[in-house]
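Enquirer: File protein00.txt below, compact mmCIF, C-alpha atoms:
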# COMPACT_ATOMS: atom_id res chain seq x y z
CA MET E 6 121.39 -109.59 -35.34
CA THR E 7 121.03 -112.74 -37.42
CA GLN E 8 119.32 -112.65 -40.81
CA ASN E 9 116.05 -114.08 -39.47
CA GLU E 10 115.98 -112.25 -36.13
CA LEU E 11 113.16 -109.76 -35.71
CA HIS E 12 114.23 -106.19 -35.16
CA THR E 13 110.82 -104.58 -34.58
CA ILE E 14 107.28 -105.76 -33.88
CA VAL E 15 104.47 -103.28 -34.50
CA LEU E 16 101.34 -104.29 -32.58
CA ALA E 17 98.15 -103.22 -34.33
CA ALA E 18 94.55 -103.51 -33.20
CA HIS E 19 93.12 -103.41 -36.73
CA LEU E 20 94.13 -104.20 -40.29
CA ASP E 21 95.66 -100.80 -41.09
CA ASP E 22 96.72 -99.30 -37.74
CA GLY E 23 100.37 -100.31 -37.97
CA VAL E 24 100.88 -99.03 -41.49
CA LEU E 25 98.91 -95.81 -40.96
CA SER E 26 100.92 -94.96 -37.87
CA CYS E 27 104.37 -96.43 -38.56
CA GLY E 28 104.55 -97.03 -42.30
CA GLY E 29 107.53 -94.75 -42.87
CA GLN E 30 109.58 -96.31 -40.09
CA ILE E 31 108.68 -99.80 -41.26
CA PHE E 32 109.87 -99.03 -44.79
CA GLN E 33 113.13 -97.45 -43.68
CA ARG E 34 113.92 -100.31 -41.30
CA SER E 35 113.22 -102.94 -43.92
CA GLN E 36 115.31 -101.03 -46.47
CA ALA E 37 118.16 -101.08 -43.95
CA GLY E 38 117.94 -104.87 -43.77
CA GLU E 39 116.01 -105.02 -40.50
CA ARG E 40 113.15 -107.49 -40.24
CA VAL E 41 109.83 -105.95 -39.15
CA LEU E 42 106.63 -107.78 -38.19
CA VAL E 43 103.21 -106.10 -38.15
CA ALA E 44 101.03 -108.20 -35.83
CA THR E 45 97.30 -107.41 -36.01
CA VAL E 46 95.25 -108.62 -33.06
CA MET E 47 91.64 -107.97 -34.16
CA ALA E 48 91.88 -109.53 -37.63
CA GLY E 49 89.38 -112.38 -37.28
CA ASP E 50 86.18 -113.12 -39.14
CA ALA E 51 82.80 -111.99 -37.86
CA PRO E 52 81.42 -114.91 -35.81
CA GLY E 53 77.88 -114.47 -37.11
CA ARG E 54 75.54 -112.09 -38.85
CA ALA E 55 76.68 -108.47 -38.69
CA SER E 56 74.67 -105.97 -36.64
CA GLY E 57 73.02 -103.01 -38.29
CA TYR E 58 75.91 -100.79 -37.20
CA ALA E 59 78.56 -103.21 -38.48
CA GLN E 60 76.69 -103.57 -41.76
CA SER E 61 76.57 -99.79 -42.16
CA LEU E 62 80.37 -99.76 -41.93
CA ARG E 63 80.63 -102.60 -44.45
CA ASP E 64 78.38 -100.63 -46.77
CA ARG E 65 80.70 -97.64 -46.46
CA TRP E 66 83.66 -99.92 -47.21
CA LEU E 67 81.79 -101.43 -50.19
CA LEU E 68 82.26 -104.86 -48.64
CA ASP E 69 79.81 -107.52 -47.56
CA GLY E 70 80.37 -111.28 -47.42
CA GLY E 71 84.02 -112.07 -46.78
CA ALA E 72 84.74 -108.50 -45.68
CA GLU E 73 87.39 -109.55 -43.19
CA ALA E 74 89.21 -111.73 -45.73
CA VAL E 75 89.34 -108.74 -48.09
CA ARG E 76 90.76 -106.56 -45.34
CA ARG E 77 93.42 -109.17 -44.48
CA ALA E 78 94.43 -109.27 -48.15
CA GLU E 79 94.69 -105.46 -48.14
CA ASP E 80 96.99 -105.60 -45.13
CA GLU E 81 99.15 -108.28 -46.73
CA ALA E 82 99.54 -106.07 -49.82
CA ALA E 83 100.37 -102.99 -47.72
CA CYS E 84 103.02 -104.87 -45.73
CA ALA E 85 104.55 -106.17 -48.96
CA ILE E 86 104.96 -102.60 -50.23
CA LEU E 87 106.84 -101.71 -47.04
CA GLY E 88 108.88 -104.92 -46.94
CA ALA E 89 107.36 -106.12 -43.65
CA ASP E 90 106.16 -109.49 -42.43
CA PHE E 91 102.56 -109.72 -41.20
CA LEU E 92 100.64 -111.77 -38.66
CA HIS E 93 96.84 -111.89 -38.36
CA TRP E 94 95.22 -113.13 -35.15
CA PRO E 95 91.61 -114.41 -34.99
CA ILE E 96 89.93 -112.05 -32.51
CA PRO E 97 87.10 -110.19 -34.31
CA ASP E 98 86.89 -106.41 -34.51
CA CYS E 99 84.85 -104.90 -31.67
CA ILE E 100 81.95 -104.21 -34.08
CA TYR E 101 81.44 -107.99 -34.31
CA ARG E 102 81.72 -108.86 -30.61
CA GLY E 103 78.76 -109.40 -28.29
CA GLY E 104 77.25 -111.42 -25.48
CA MET E 105 75.73 -114.87 -25.38
CA ASP E 106 72.30 -113.29 -25.86
CA GLY E 107 73.34 -112.09 -29.32
CA ALA E 108 73.41 -108.40 -28.41
CA MET E 109 76.45 -106.58 -29.77
CA TYR E 110 78.63 -104.68 -27.30
CA TYR E 111 79.41 -101.74 -29.62
CA GLN E 112 76.72 -100.41 -31.92
CA SER E 113 77.71 -96.81 -32.65
CA ASP E 114 80.73 -94.59 -33.21
CA ASP E 115 80.32 -93.22 -29.68
CA GLU E 116 80.50 -96.73 -28.25
CA ILE E 117 83.62 -97.88 -30.10
CA PHE E 118 85.40 -94.72 -28.95
CA GLY E 119 83.93 -94.91 -25.45
CA PRO E 120 84.33 -97.07 -22.35
CA VAL E 121 85.17 -100.76 -22.67
CA HIS E 122 82.00 -102.85 -22.32
CA PRO E 123 81.77 -104.74 -18.99
CA GLY E 124 81.09 -107.95 -20.89
CA GLU E 125 84.65 -107.88 -22.25
CA ALA E 126 86.44 -108.16 -18.92
CA GLY E 127 88.27 -111.29 -20.02
CA LEU E 128 89.47 -110.07 -23.42
CA VAL E 129 92.74 -108.56 -22.18
CA ALA E 130 93.80 -111.99 -20.91
CA GLU E 131 93.09 -113.45 -24.34
CA VAL E 132 95.25 -110.81 -26.02
CA ILE E 133 98.01 -111.35 -23.45
CA SER E 134 98.04 -115.04 -24.35
CA LEU E 135 98.51 -114.17 -28.02
CA LEU E 136 101.28 -111.65 -27.39
CA ARG E 137 103.23 -114.17 -25.34
CA ARG E 138 103.52 -116.34 -28.47
CA LEU E 139 105.46 -113.69 -30.36
CA PRO E 140 109.10 -114.32 -31.19
CA PRO E 141 111.71 -112.12 -29.50
CA ALA E 142 112.44 -108.72 -31.02
CA ARG E 143 114.61 -105.77 -30.14
CA HIS E 144 111.81 -103.22 -30.27
CA ILE E 145 108.07 -103.47 -29.58
CA LEU E 146 105.69 -100.70 -30.64
CA ALA E 147 102.14 -100.47 -29.26
CA PRO E 148 99.32 -97.94 -29.77
CA LEU E 149 99.37 -94.86 -27.55
CA THR E 150 95.54 -95.00 -27.78
CA VAL E 151 95.00 -91.56 -29.25
CA GLY E 152 91.31 -91.49 -30.15
CA ASN E 153 90.39 -93.89 -27.33
CA HIS E 154 89.24 -96.75 -29.59
CA VAL E 155 88.36 -99.72 -27.37
CA ASP E 156 90.42 -102.19 -29.43
CA HIS E 157 93.50 -99.99 -29.20
CA ILE E 158 92.99 -99.89 -25.43
CA PHE E 159 92.90 -103.69 -25.22
CA VAL E 160 96.12 -104.01 -27.22
CA ARG E 161 97.94 -101.41 -25.15
CA GLN E 162 96.86 -102.94 -21.83
CA ALA E 163 97.90 -106.42 -22.90
CA ALA E 164 101.21 -105.19 -24.33
CA GLU E 165 102.05 -103.41 -21.08
CA THR E 166 101.46 -106.62 -19.16
CA VAL E 167 103.66 -108.70 -21.46
CA PHE E 168 106.43 -106.25 -22.36
CA GLY E 169 106.41 -103.66 -19.56
CA ASP E 170 108.91 -100.84 -19.93
CA ARG E 171 110.34 -102.36 -23.11
CA LEU E 172 107.44 -100.79 -24.98
CA ALA E 173 107.44 -97.69 -27.10
CA TYR E 174 104.12 -96.19 -28.19
CA TYR E 175 103.20 -94.92 -31.63
CA GLU E 176 100.77 -92.07 -32.25
CA ASP E 177 97.55 -93.61 -33.55
CA TYR E 178 97.11 -92.07 -36.99
CA PRO E 179 94.95 -90.39 -38.24
CA TYR E 180 93.40 -89.67 -34.81
CA ALA E 181 96.67 -88.03 -33.77
CA GLN E 182 96.08 -85.29 -36.34
CA LYS E 183 93.49 -83.65 -34.08
CA GLU E 184 95.12 -80.72 -32.34
CA GLY E 185 95.93 -81.55 -28.71
CA SER E 186 94.90 -85.22 -28.96
CA VAL E 187 98.37 -86.65 -28.29
CA ALA E 188 99.01 -84.28 -25.38
CA GLU E 189 95.65 -85.25 -23.88
CA VAL E 190 96.57 -88.95 -23.81
CA LEU E 191 100.04 -88.28 -22.40
CA ALA E 192 98.57 -86.13 -19.63
CA ARG E 193 95.93 -88.73 -18.80
CA THR E 194 98.32 -91.67 -18.60
CA GLY E 195 101.10 -90.25 -16.44
CA GLU E 196 104.22 -88.10 -16.49
CA GLY E 197 107.75 -88.71 -17.70
CA TRP E 198 107.10 -89.25 -21.41
CA GLU E 199 109.96 -88.86 -23.87
CA PRO E 200 109.46 -88.53 -27.64
CA THR E 201 111.64 -90.04 -30.33
CA VAL E 202 111.16 -88.63 -33.81
CA TYR E 203 112.06 -90.69 -36.87
CA PRO E 204 112.64 -88.40 -39.85
CA LEU E 205 111.23 -89.84 -43.07
CA SER E 206 112.91 -89.72 -46.44
CA GLU E 207 110.91 -88.84 -49.51
CA ALA E 208 111.08 -92.50 -50.52
CA ALA E 209 109.65 -93.53 -47.15
CA LEU E 210 106.80 -91.03 -47.43
CA ARG E 211 105.96 -92.26 -50.93
CA ALA E 212 106.06 -95.89 -49.78
CA LYS E 213 103.83 -95.11 -46.80
CA ILE E 214 101.27 -93.39 -49.04
CA GLU E 215 101.27 -96.29 -51.49
CA ALA E 216 100.85 -98.77 -48.62
CA ILE E 217 97.91 -96.80 -47.20
CA LEU E 218 96.33 -96.82 -50.65
CA ALA E 219 96.36 -100.62 -50.49
CA TYR E 220 93.57 -100.38 -47.88
CA ARG E 221 91.00 -99.60 -50.54
CA SER E 222 88.02 -100.45 -48.37
CA GLN E 223 89.05 -97.91 -45.73
CA PHE E 224 89.84 -95.05 -48.07
CA SER E 225 86.53 -93.21 -47.92
CA THR E 226 86.51 -93.25 -44.11
CA PHE E 227 89.40 -90.82 -43.85
CA TRP E 228 90.06 -89.17 -47.23
CA THR E 229 88.20 -87.64 -50.15
CA GLY E 230 90.81 -88.73 -52.70
CA ARG E 231 94.47 -89.46 -53.24
CA ALA E 232 95.43 -85.79 -53.18
CA ASP E 233 93.71 -85.39 -49.81
CA LEU E 234 95.49 -88.47 -48.44
CA GLU E 235 98.89 -87.17 -49.58
CA ARG E 236 98.20 -83.73 -48.16
CA GLN E 237 97.23 -85.11 -44.77
CA VAL E 238 100.02 -87.69 -44.47
CA ARG E 239 102.70 -85.27 -45.60
CA GLY E 240 101.25 -82.49 -43.47
CA TYR E 241 101.38 -84.53 -40.29
CA ALA E 242 104.88 -85.80 -41.04
CA GLU E 243 106.01 -82.21 -41.53
CA ARG E 244 104.30 -81.16 -38.30
CA VAL E 245 106.04 -83.73 -36.09
CA GLY E 246 109.25 -84.11 -38.09
CA GLY E 247 108.47 -87.56 -39.50
CA GLU E 248 106.89 -90.21 -37.29
CA ARG E 249 106.97 -89.89 -33.52
CA VAL E 250 106.92 -92.56 -30.83
CA TRP E 251 106.84 -92.16 -27.06
CA SER E 252 108.45 -93.99 -24.16
CA ILE E 253 108.47 -93.62 -20.41
CA ALA E 254 111.61 -91.86 -19.20
CA ARG E 255 113.73 -94.20 -17.12
CA PRO E 256 115.62 -92.85 -14.10
CA VAL E 257 119.38 -92.52 -14.57
CA SER E 258 121.27 -94.69 -12.09
CA GLY E 259 123.88 -92.81 -10.08
In structure tokens, what does this structure look like?

Expert:
Amino acid sequence: MTQNELHTIVLAAHLDDGVLSCGGQIFQRSQAGERVLVATVMAGDAPGRASGYAQSLRDRWLLDGGAEAVRRAEDEAACAILGADFLHWPIPDCIYRGGMDGAMYYQSDDEIFGPVHPGEAGLVAEVISLLRRLPPARHILAPLTVGNHVDHIFVRQAAETVFGDRLAYYEDYPYAQKEGSVAEVLARTGEGWEPTVYPLSEAALRAKIEAILAYRSQFSTFWTGRADLERQVRGYAERVGGERVWSIARPVSG
């Protein structure tokens, strides 16, 4: 591998998914001299005034005007802690997307974790076009879609079209913490899954926690404080043996 060749691309729907789910791996790969790119698909600005639901999330994040720019800066800081490159694409988060009539497609928690809106039938093709612009890399990681967030679903579907069986799938954290959630997705999406566990050093765990802390706006969504964050991140790593990714078992040629 040449100095500038990409070793791993982590495909993220949102500005924290890659680090939350793969931060330890990213750190250890970069420390080993491997170049890692975290490519976030839904990192664009809101195209207009935020809906009531979107504004309620911004209020929780303590953000208002320029919220997306703040979140991009958070992601840049988190990637710097882990030693990764970053790429931000201009598609808005699902909470900002809607039809020509101005009605938003997703206006509640149930809707963003529910079925894809019929009005978004063409979005997968748009994501596919973006993914095809990526430079070559040895490994591509995509969301397994634990939690069933619509944006994670779009990224996975597009990635499967572009990369096929080259893909490995990371467990969407923190949704993967829910007991049985990973097994439910694996059962729903077919048989023949094989796990690969990446043990994390203490340095990698510390770096992952510090990188997650860089997403200040998102902190209150998942944790009550730093101690709670450390307990949860370390607890899940201990439960699975580090960070776990999944791939489809390939038949052995005779």

Enquirer: Once you count all atoms listed in the file, which residues end up no further than 12 Å from (107.0, -83.0, -40.6) in the file's frame, shown as a PyMOL selection string?

Expert: chain E and resi 29+182+202-207+210+236-249

Enquirer: Would you mind telling me which residue in E:His19, E:Arg161, E:Thr166, E:Gly38 lies nearest to Ile100 in chain E when using all atoms listed in the file?

Expert: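 Selected residue with least distance to Ile100 in chain E: E:His19.
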
Enquirer: Which residues of range 38-58 of chain E come within 12 Å of range 120-135 of chain E, and what is each one's closest atom pair and distance in Å (one decimal), counting all atoms listed in the file, sorted by chain and residue number, as CSV?

Expert:
residue,atom,partner,partner_atom,distance
E:Ala44,CA,E:Leu135,CA,10.1
E:Thr45,CA,E:Leu135,CA,10.5
E:Val46,CA,E:Val132,CA,7.4
E:Met47,CA,E:Val132,CA,9.3

Enquirer: Which one of E:Leu149, E:Val75, E:Ile158, E:Leu16 sits closest to Val187 in chain E if you count all atoms listed in the file?

Expert: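 Of E:Leu149, E:Val75, E:Ile158, E:Leu16, the one nearest Val187 in chain E, counting all atoms listed in the file, is E:Leu149.
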
Enquirer: The centre and edge lengths of an axis-aligned box containing all atoms of range 201-219 of chain E present in the file, extended by 8 Å on each side, are to be given in Å to one decimal, as AutoDock Vina command-line options.

Expert:
--center_x 104.6 --center_y -94.5 --center_z -40.9 --size_x 32.6 --size_y 28.2 --size_z 37.2

Enquirer: Report as a VMD selection string all protein, DNA and RNA residues lying within 10 Å of range 106-112 of chain E, evaluated on only C-alpha atoms, omitting residues in the same chain fewer than 2 positions from it.

Expert: chain E and resid 53 to 59 99 to 104 114 to 125 155

Enquirer: Could you save the residues just selected, with C-alpha atoms, as a PDB file, in the coordinates of the input?

Expert:
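Result file is again-v4.pdb:
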ATOM      1  CA  GLY E  53      77.880-114.470 -37.110  1.00  0.00           C
ATOM      2  CA  ARG E  54      75.540-112.090 -38.850  1.00  0.00           C
ATOM      3  CA  ALA E  55      76.680-108.470 -38.690  1.00  0.00           C
ATOM      4  CA  SER E  56      74.670-105.970 -36.640  1.00  0.00           C
ATOM      5  CA  GLY E  57      73.020-103.010 -38.290  1.00  0.00           C
ATOM      6  CA  TYR E  58      75.910-100.790 -37.200  1.00  0.00           C
ATOM      7  CA  ALA E  59      78.560-103.210 -38.480  1.00  0.00           C
ATOM      8  CA  CYS E  99      84.850-104.900 -31.670  1.00  0.00           C
ATOM      9  CA  ILE E 100      81.950-104.210 -34.080  1.00  0.00           C
ATOM     10  CA  TYR E 101      81.440-107.990 -34.310  1.00  0.00           C
ATOM     11  CA  ARG E 102      81.720-108.860 -30.610  1.00  0.00           C
ATOM     12  CA  GLY E 103      78.760-109.400 -28.290  1.00  0.00           C
ATOM     13  CA  GLY E 104      77.250-111.420 -25.480  1.00  0.00           C
ATOM     14  CA  ASP E 114      80.730 -94.590 -33.210  1.00  0.00           C
ATOM     15  CA  ASP E 115      80.320 -93.220 -29.680  1.00  0.00           C
ATOM     16  CA  GLU E 116      80.500 -96.730 -28.250  1.00  0.00           C
ATOM     17  CA  ILE E 117      83.620 -97.880 -30.100  1.00  0.00           C
ATOM     18  CA  PHE E 118      85.400 -94.720 -28.950  1.00  0.00           C
ATOM     19  CA  GLY E 119      83.930 -94.910 -25.450  1.00  0.00           C
ATOM     20  CA  PRO E 120      84.330 -97.070 -22.350  1.00  0.00           C
ATOM     21  CA  VAL E 121      85.170-100.760 -22.670  1.00  0.00           C
ATOM     22  CA  HIS E 122      82.000-102.850 -22.320  1.00  0.00           C
ATOM     23  CA  PRO E 123      81.770-104.740 -18.990  1.00  0.00           C
ATOM     24  CA  GLY E 124      81.090-107.950 -20.890  1.00  0.00           C
ATOM     25  CA  GLU E 125      84.650-107.880 -22.250  1.00  0.00           C
ATOM     26  CA  VAL E 155      88.360 -99.720 -27.370  1.00  0.00           C
TER      27      VAL E 155
END

Enquirer: Please list as a list of chain:residue names every residue within 6 Å of range 96-98 of chain E, counting all atoms listed in the file and excluding residues in the same chain fewer than 4 positions away.

Expert: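 Residues meeting the cut-off are E:Met47, E:Ala48, E:Gly49, E:Asp50, E:Ala51.
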
Enquirer: At what distance in Å, to one decimal, does CA of Glu39 in chain E lie from CA of Val167 in chain E?

Expert: 23.0 Å

Enquirer: By how many Å are CA of Arg143 in chain E and CA of Leu11 in chain E apart?

Expert: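 Rounded to one decimal, the two atoms are 7.0 Å apart.
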
Enquirer: Quick one, how far is CA of Ala37 in chain E from CA of Ala78 in chain E?

Expert: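 These two atoms are separated by 25.5 Å.
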
Enquirer: Any idea what's packed within 10 Å of Pro140 in chain E, counting only C-alpha atoms, ignoring anything in its chain fewer than 6 positions away? Could you give it as a list in words?

Expert: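 Those residues are Glu10, Leu11, Ile14 and Leu42 of chain E.
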